[in-house]
Amino acid sequence: MYFAALLARSDDGWEASDTDLDNVETLSDLVDLAREASIDDDTVLVFIEQEDTWFGIVRVDGEDDPRIFLSDAPAAKRSSYGSMLIDELLGRDEDEDDDLDTLDLDGTEDGEPEAEEDADASDAATGAGAVPSGPLGDIRLLDDVGVGERQLLALDGEALSQIADALGCTDVLEAVR
């Protein structure tokens, strides 16, 4: 199960809204959602969390290219939204690795799960699906809002709440949770 929220910076602080990812199939779709929530083309942070397994942040600043951070690339790879973000970070073409066709939006696979050893051997043989272990992306995307790279890398299961606390918007994020 996913939790997704948008935090839009305004003159008065941060405004939060939960977001429905049902119509999000690409990073462009996600960025469009963020830009729609933007106040005067200011910063919007998109938080995606899957059951304390991994979290991702997509930062959109006006018309600039989005910046992405994932807390745990291998865990995120097993979910449709995480896979989408990993493909973007690694510069993969959508048609190149079509694992998303077998994933439901809740991050589970259709049919019988493939044995982990078989999947690892298949990935190693083809190079498909290989992701670096650990975090992936821009570890400095929150530096200017009070969350440095060390703090970001040290976050655990309550990561989004800890980030909201650093931004001073815990109440608004918890209101949409």
# chains A, B, ... in the order shown; residues from 1 in each chain; ligands from 1
$ residues_around --residues "A:Tyr2" --least-positions-apart "4" --cutoff "8 Å" --atoms "only C-alpha atoms" --output "short mmCIF file (atom, residue, chain, number, x, y, z; two decimals) with N, CA and C atoms, in the first residue's frame"
data_model
loop_
_atom_site.label_atom_id
_atom_site.label_comp_id
_atom_site.auth_asym_id
_atom_site.auth_seq_id
_atom_site.Cartn_x
_atom_site.Cartn_y
_atom_site.Cartn_z
N ILE A 48 6.34 9.75 -1.80
CA ILE A 48 5.74 8.44 -2.02
C ILE A 48 6.39 7.49 -1.03
N GLU A 49 5.56 6.76 -0.33
CA GLU A 49 6.06 5.82 0.67
C GLU A 49 5.31 4.51 0.52
N GLN A 50 6.04 3.41 0.60
CA GLN A 50 5.38 2.11 0.56
C GLN A 50 5.65 1.36 1.85
N GLU A 51 4.66 1.37 2.72
CA GLU A 51 4.65 0.59 3.96
C GLU A 51 5.99 0.57 4.69
N ASP A 106 -0.31 -1.95 -6.25
CA ASP A 106 0.03 -2.13 -4.84
C ASP A 106 1.43 -2.72 -4.68
#
$ atom_distance --atom1 "atom CA of A:Glu25" --atom2 "atom CA of A:Leu142"
24.9 Å
$ closest_residue --among "A:Arg59, A:Asp72, A:Ala130, A:Lys77" --to "A:Asp143" --atoms "only C-alpha atoms"
A:Arg59
$ residues_around --residues "A:Leu160" --least-positions-apart "4" --cutoff "12 Å" --atoms "only C-alpha atoms" --output "PyMOL selection string"
chain A and resi 3-7+45-52+54-57+71+147+152+155-156+164-167+169-170+173-174+177
$ atom_distance --atom1 "atom CA of A:Gly13" --atom2 "atom CA of A:Val172"
10.0 Å
$ residues_around --residues "A:Ile68" --least-positions-apart "5" --cutoff "12 Å" --atoms "only C-alpha atoms" --output "mmCIF file with N, CA and C atoms, in the first residue's frame"
data_model
loop_
_atom_site.group_PDB
_atom_site.id
_atom_site.type_symbol
_atom_site.label_atom_id
_atom_site.label_comp_id
_atom_site.auth_asym_id
_atom_site.auth_seq_id
_atom_site.Cartn_x
_atom_site.Cartn_y
_atom_site.Cartn_z
ATOM 1 N N LEU A 27 6.877 9.533 -15.100
ATOM 2 C CA LEU A 27 7.371 10.651 -14.313
ATOM 3 C C LEU A 27 6.726 11.948 -14.776
ATOM 4 N N LEU A 30 3.534 12.469 -13.004
ATOM 5 C CA LEU A 30 3.766 12.864 -11.625
ATOM 6 C C LEU A 30 4.183 14.335 -11.534
ATOM 7 N N VAL A 31 5.043 14.761 -12.440
ATOM 8 C CA VAL A 31 5.490 16.147 -12.473
ATOM 9 C C VAL A 31 4.323 17.078 -12.801
ATOM 10 N N LEU A 45 7.110 19.245 -3.348
ATOM 11 C CA LEU A 45 7.719 17.960 -3.028
ATOM 12 C C LEU A 45 6.640 16.892 -3.107
ATOM 13 N N VAL A 46 6.919 15.853 -3.857
ATOM 14 C CA VAL A 46 6.017 14.713 -3.941
ATOM 15 C C VAL A 46 6.634 13.605 -3.094
ATOM 16 N N PHE A 47 5.900 13.182 -2.082
ATOM 17 C CA PHE A 47 6.333 12.090 -1.219
ATOM 18 C C PHE A 47 5.593 10.832 -1.628
ATOM 19 N N ILE A 48 6.339 9.749 -1.797
ATOM 20 C CA ILE A 48 5.740 8.440 -2.024
ATOM 21 C C ILE A 48 6.391 7.493 -1.028
ATOM 22 N N PHE A 55 10.959 4.956 0.582
ATOM 23 C CA PHE A 55 10.271 6.197 0.294
ATOM 24 C C PHE A 55 11.000 6.896 -0.847
ATOM 25 N N GLY A 56 10.254 7.705 -1.531
ATOM 26 C CA GLY A 56 10.819 8.491 -2.612
ATOM 27 C C GLY A 56 10.351 9.925 -2.513
ATOM 28 N N ILE A 57 11.194 10.825 -2.985
ATOM 29 C CA ILE A 57 10.850 12.237 -3.034
ATOM 30 C C ILE A 57 11.140 12.709 -4.450
ATOM 31 N N VAL A 58 10.166 13.370 -5.036
ATOM 32 C CA VAL A 58 10.360 14.030 -6.329
ATOM 33 C C VAL A 58 10.169 15.513 -6.059
ATOM 34 N N ARG A 59 11.203 16.274 -6.372
ATOM 35 C CA ARG A 59 11.154 17.716 -6.156
ATOM 36 C C ARG A 59 10.970 18.407 -7.499
ATOM 37 N N VAL A 60 9.975 19.294 -7.551
ATOM 38 C CA VAL A 60 9.687 20.039 -8.769
ATOM 39 C C VAL A 60 9.773 21.529 -8.425
ATOM 40 N N ASP A 61 10.680 22.227 -9.089
ATOM 41 C CA ASP A 61 10.862 23.667 -8.908
ATOM 42 C C ASP A 61 10.499 24.360 -10.206
ATOM 43 N N ALA A 73 16.832 1.585 -3.363
ATOM 44 C CA ALA A 73 16.574 1.254 -4.769
ATOM 45 C C ALA A 73 16.109 -0.190 -4.974
ATOM 46 N N GLY A 82 8.189 2.879 -7.778
ATOM 47 C CA GLY A 82 9.636 2.859 -7.554
ATOM 48 C C GLY A 82 10.380 2.507 -8.831
ATOM 49 N N MET A 84 9.395 2.994 -11.880
ATOM 50 C CA MET A 84 9.281 4.135 -12.784
ATOM 51 C C MET A 84 10.360 5.172 -12.456
ATOM 52 N N LEU A 85 10.554 5.455 -11.167
ATOM 53 C CA LEU A 85 11.544 6.448 -10.755
ATOM 54 C C LEU A 85 12.969 5.952 -10.981
ATOM 55 N N ILE A 86 13.209 4.675 -10.722
ATOM 56 C CA ILE A 86 14.535 4.095 -10.972
ATOM 57 C C ILE A 86 14.877 4.172 -12.448
ATOM 58 N N ASP A 87 13.932 3.817 -13.300
ATOM 59 C CA ASP A 87 14.182 3.883 -14.747
ATOM 60 C C ASP A 87 14.561 5.295 -15.167
ATOM 61 N N GLU A 88 13.905 6.279 -14.592
ATOM 62 C CA GLU A 88 14.222 7.672 -14.900
ATOM 63 C C GLU A 88 15.633 8.024 -14.409
ATOM 64 N N LEU A 89 15.954 7.628 -13.189
ATOM 65 C CA LEU A 89 17.265 7.939 -12.620
ATOM 66 C C LEU A 89 18.401 7.269 -13.389
ATOM 67 N N LEU A 90 18.151 6.052 -13.865
ATOM 68 C CA LEU A 90 19.192 5.315 -14.577
ATOM 69 C C LEU A 90 19.162 5.543 -16.085
ATOM 70 N N PRO A 135 20.465 3.730 -1.290
ATOM 71 C CA PRO A 135 19.772 4.905 -1.828
ATOM 72 C C PRO A 135 20.208 5.210 -3.259
ATOM 73 N N LEU A 136 19.345 5.939 -3.965
ATOM 74 C CA LEU A 136 19.626 6.305 -5.349
ATOM 75 C C LEU A 136 19.039 7.683 -5.620
ATOM 76 N N GLY A 137 19.768 8.507 -6.318
ATOM 77 C CA GLY A 137 19.250 9.804 -6.721
ATOM 78 C C GLY A 137 19.999 10.961 -6.099
ATOM 79 N N ASP A 138 19.342 12.100 -6.055
ATOM 80 C CA ASP A 138 19.923 13.357 -5.612
ATOM 81 C C ASP A 138 19.821 13.476 -4.093
ATOM 82 N N ILE A 139 20.921 13.195 -3.403
ATOM 83 C CA ILE A 139 20.900 13.221 -1.942
ATOM 84 C C ILE A 139 20.909 14.649 -1.385
ATOM 85 N N ARG A 140 21.032 15.625 -2.251
ATOM 86 C CA ARG A 140 21.047 17.029 -1.804
ATOM 87 C C ARG A 140 19.772 17.778 -2.166
ATOM 88 N N LEU A 141 18.737 17.077 -2.593
ATOM 89 C CA LEU A 141 17.546 17.771 -3.062
ATOM 90 C C LEU A 141 16.805 18.535 -1.979
ATOM 91 N N LEU A 142 17.110 18.272 -0.700
ATOM 92 C CA LEU A 142 16.447 18.989 0.390
ATOM 93 C C LEU A 142 17.409 19.859 1.200
#
$ atom_distance --atom1 "atom CA of A:Arg35" --atom2 "atom CA of A:Gly62"
7.1 Å
$ select_by_dssp --residues "stretch 12-59 of chain A" --states "helix (DSSP H, G or I)" --output "VMD selection string"
chain A and resid 27 to 37
$ write_last_selection --atoms "all heavy atoms" --output "PDB file, in the first residue's frame"
ATOM      1  N   LEU A  27       6.877   9.533 -15.100  1.00  0.00           N
ATOM      2  CA  LEU A  27       7.371  10.651 -14.313  1.00  0.00           C
ATOM      3  C   LEU A  27       6.726  11.948 -14.776  1.00  0.00           C
ATOM      4  O   LEU A  27       6.401  12.805 -13.955  1.00  0.00           O
ATOM      5  CB  LEU A  27       8.897  10.746 -14.404  1.00  0.00           C
ATOM      6  CG  LEU A  27       9.525  11.904 -13.624  1.00  0.00           C
ATOM      7  CD1 LEU A  27       9.239  11.783 -12.132  1.00  0.00           C
ATOM      8  CD2 LEU A  27      11.010  11.987 -13.884  1.00  0.00           C
ATOM      9  N   SER A  28       6.483  12.090 -16.065  1.00  0.00           N
ATOM     10  CA  SER A  28       5.823  13.299 -16.583  1.00  0.00           C
ATOM     11  C   SER A  28       4.446  13.486 -15.959  1.00  0.00           C
ATOM     12  O   SER A  28       4.061  14.616 -15.620  1.00  0.00           O
ATOM     13  CB  SER A  28       5.682  13.230 -18.101  1.00  0.00           C
ATOM     14  OG  SER A  28       6.940  13.260 -18.699  1.00  0.00           O
ATOM     15  N   ASP A  29       3.696  12.397 -15.788  1.00  0.00           N
ATOM     16  CA  ASP A  29       2.387  12.477 -15.139  1.00  0.00           C
ATOM     17  C   ASP A  29       2.527  12.980 -13.698  1.00  0.00           C
ATOM     18  O   ASP A  29       1.749  13.816 -13.244  1.00  0.00           O
ATOM     19  CB  ASP A  29       1.696  11.107 -15.105  1.00  0.00           C
ATOM     20  CG  ASP A  29       1.337  10.575 -16.477  1.00  0.00           C
ATOM     21  OD1 ASP A  29       1.238  11.372 -17.431  1.00  0.00           O
ATOM     22  OD2 ASP A  29       1.149   9.334 -16.585  1.00  0.00           O
ATOM     23  N   LEU A  30       3.534  12.469 -13.004  1.00  0.00           N
ATOM     24  CA  LEU A  30       3.766  12.864 -11.625  1.00  0.00           C
ATOM     25  C   LEU A  30       4.183  14.335 -11.534  1.00  0.00           C
ATOM     26  O   LEU A  30       3.699  15.083 -10.684  1.00  0.00           O
ATOM     27  CB  LEU A  30       4.831  11.960 -11.003  1.00  0.00           C
ATOM     28  CG  LEU A  30       5.024  12.033  -9.502  1.00  0.00           C
ATOM     29  CD1 LEU A  30       3.739  11.686  -8.769  1.00  0.00           C
ATOM     30  CD2 LEU A  30       6.137  11.090  -9.082  1.00  0.00           C
ATOM     31  N   VAL A  31       5.043  14.761 -12.440  1.00  0.00           N
ATOM     32  CA  VAL A  31       5.490  16.147 -12.473  1.00  0.00           C
ATOM     33  C   VAL A  31       4.323  17.078 -12.801  1.00  0.00           C
ATOM     34  O   VAL A  31       4.191  18.163 -12.211  1.00  0.00           O
ATOM     35  CB  VAL A  31       6.663  16.325 -13.463  1.00  0.00           C
ATOM     36  CG1 VAL A  31       6.984  17.787 -13.710  1.00  0.00           C
ATOM     37  CG2 VAL A  31       7.900  15.593 -12.942  1.00  0.00           C
ATOM     38  N   ASP A  32       3.455  16.657 -13.706  1.00  0.00           N
ATOM     39  CA  ASP A  32       2.267  17.463 -14.026  1.00  0.00           C
ATOM     40  C   ASP A  32       1.391  17.665 -12.789  1.00  0.00           C
ATOM     41  O   ASP A  32       0.891  18.767 -12.551  1.00  0.00           O
ATOM     42  CB  ASP A  32       1.450  16.823 -15.152  1.00  0.00           C
ATOM     43  CG  ASP A  32       2.118  16.917 -16.510  1.00  0.00           C
ATOM     44  OD1 ASP A  32       3.076  17.716 -16.668  1.00  0.00           O
ATOM     45  OD2 ASP A  32       1.698  16.165 -17.423  1.00  0.00           O
ATOM     46  N   LEU A  33       1.197  16.592 -11.999  1.00  0.00           N
ATOM     47  CA  LEU A  33       0.430  16.712 -10.755  1.00  0.00           C
ATOM     48  C   LEU A  33       1.070  17.729  -9.819  1.00  0.00           C
ATOM     49  O   LEU A  33       0.381  18.555  -9.208  1.00  0.00           O
ATOM     50  CB  LEU A  33       0.363  15.365 -10.035  1.00  0.00           C
ATOM     51  CG  LEU A  33      -0.709  14.381 -10.421  1.00  0.00           C
ATOM     52  CD1 LEU A  33      -0.525  13.077  -9.662  1.00  0.00           C
ATOM     53  CD2 LEU A  33      -2.091  14.938 -10.157  1.00  0.00           C
ATOM     54  N   ALA A  34       2.392  17.656  -9.712  1.00  0.00           N
ATOM     55  CA  ALA A  34       3.108  18.574  -8.829  1.00  0.00           C
ATOM     56  C   ALA A  34       2.973  20.012  -9.312  1.00  0.00           C
ATOM     57  O   ALA A  34       2.724  20.923  -8.515  1.00  0.00           O
ATOM     58  CB  ALA A  34       4.579  18.179  -8.746  1.00  0.00           C
ATOM     59  N   ARG A  35       3.122  20.231 -10.600  1.00  0.00           N
ATOM     60  CA  ARG A  35       3.027  21.591 -11.129  1.00  0.00           C
ATOM     61  C   ARG A  35       1.620  22.164 -10.973  1.00  0.00           C
ATOM     62  O   ARG A  35       1.458  23.362 -10.763  1.00  0.00           O
ATOM     63  CB  ARG A  35       3.483  21.616 -12.583  1.00  0.00           C
ATOM     64  CG  ARG A  35       4.997  21.445 -12.671  1.00  0.00           C
ATOM     65  CD  ARG A  35       5.545  21.724 -14.045  1.00  0.00           C
ATOM     66  NE  ARG A  35       7.000  21.656 -13.988  1.00  0.00           N
ATOM     67  CZ  ARG A  35       7.751  20.907 -14.773  1.00  0.00           C
ATOM     68  NH1 ARG A  35       7.191  20.195 -15.746  1.00  0.00           N
ATOM     69  NH2 ARG A  35       9.062  20.900 -14.638  1.00  0.00           N
ATOM     70  N   GLU A  36       0.607  21.325 -11.047  1.00  0.00           N
ATOM     71  CA  GLU A  36      -0.766  21.778 -10.818  1.00  0.00           C
ATOM     72  C   GLU A  36      -0.960  22.238  -9.375  1.00  0.00           C
ATOM     73  O   GLU A  36      -1.745  23.147  -9.108  1.00  0.00           O
ATOM     74  CB  GLU A  36      -1.765  20.667 -11.144  1.00  0.00           C
ATOM     75  CG  GLU A  36      -1.896  20.373 -12.616  1.00  0.00           C
ATOM     76  CD  GLU A  36      -2.730  19.126 -12.908  1.00  0.00           C
ATOM     77  OE1 GLU A  36      -3.418  18.617 -11.986  1.00  0.00           O
ATOM     78  OE2 GLU A  36      -2.684  18.656 -14.048  1.00  0.00           O
ATOM     79  N   ALA A  37      -0.241  21.615  -8.443  1.00  0.00           N
ATOM     80  CA  ALA A  37      -0.354  21.971  -7.028  1.00  0.00           C
ATOM     81  C   ALA A  37       0.536  23.153  -6.647  1.00  0.00           C
ATOM     82  O   ALA A  37       0.393  23.717  -5.564  1.00  0.00           O
ATOM     83  CB  ALA A  37       0.015  20.768  -6.160  1.00  0.00           C
TER      84      ALA A  37
END
$ residues_around --residues "A:Ala175" --least-positions-apart "5" --cutoff "10 Å" --atoms "only C-alpha atoms" --output "list in words"
Ala16, Ser17, Asp18 and Thr170 of chain A
$ write_last_selection --atoms "N, CA, C and O atoms" --output "PDB file, in the first residue's frame"
ATOM      1  N   ALA A  16      -0.136  20.982   2.302  1.00  0.00           N
ATOM      2  CA  ALA A  16      -0.102  19.555   1.968  1.00  0.00           C
ATOM      3  C   ALA A  16      -1.429  19.106   1.388  1.00  0.00           C
ATOM      4  O   ALA A  16      -2.488  19.621   1.737  1.00  0.00           O
ATOM      5  N   SER A  17      -1.335  18.134   0.497  1.00  0.00           N
ATOM      6  CA  SER A  17      -2.526  17.473  -0.009  1.00  0.00           C
ATOM      7  C   SER A  17      -2.150  16.035  -0.342  1.00  0.00           C
ATOM      8  O   SER A  17      -1.035  15.767  -0.791  1.00  0.00           O
ATOM      9  N   ASP A  18      -3.075  15.123  -0.044  1.00  0.00           N
ATOM     10  CA  ASP A  18      -2.804  13.752  -0.454  1.00  0.00           C
ATOM     11  C   ASP A  18      -3.073  13.690  -1.948  1.00  0.00           C
ATOM     12  O   ASP A  18      -3.748  14.536  -2.515  1.00  0.00           O
ATOM     13  N   THR A 170       4.749  19.380   9.965  1.00  0.00           N
ATOM     14  CA  THR A 170       4.281  18.074  10.428  1.00  0.00           C
ATOM     15  C   THR A 170       2.757  18.015  10.502  1.00  0.00           C
ATOM     16  O   THR A 170       2.145  17.048  10.054  1.00  0.00           O
TER      17      THR A 170
END
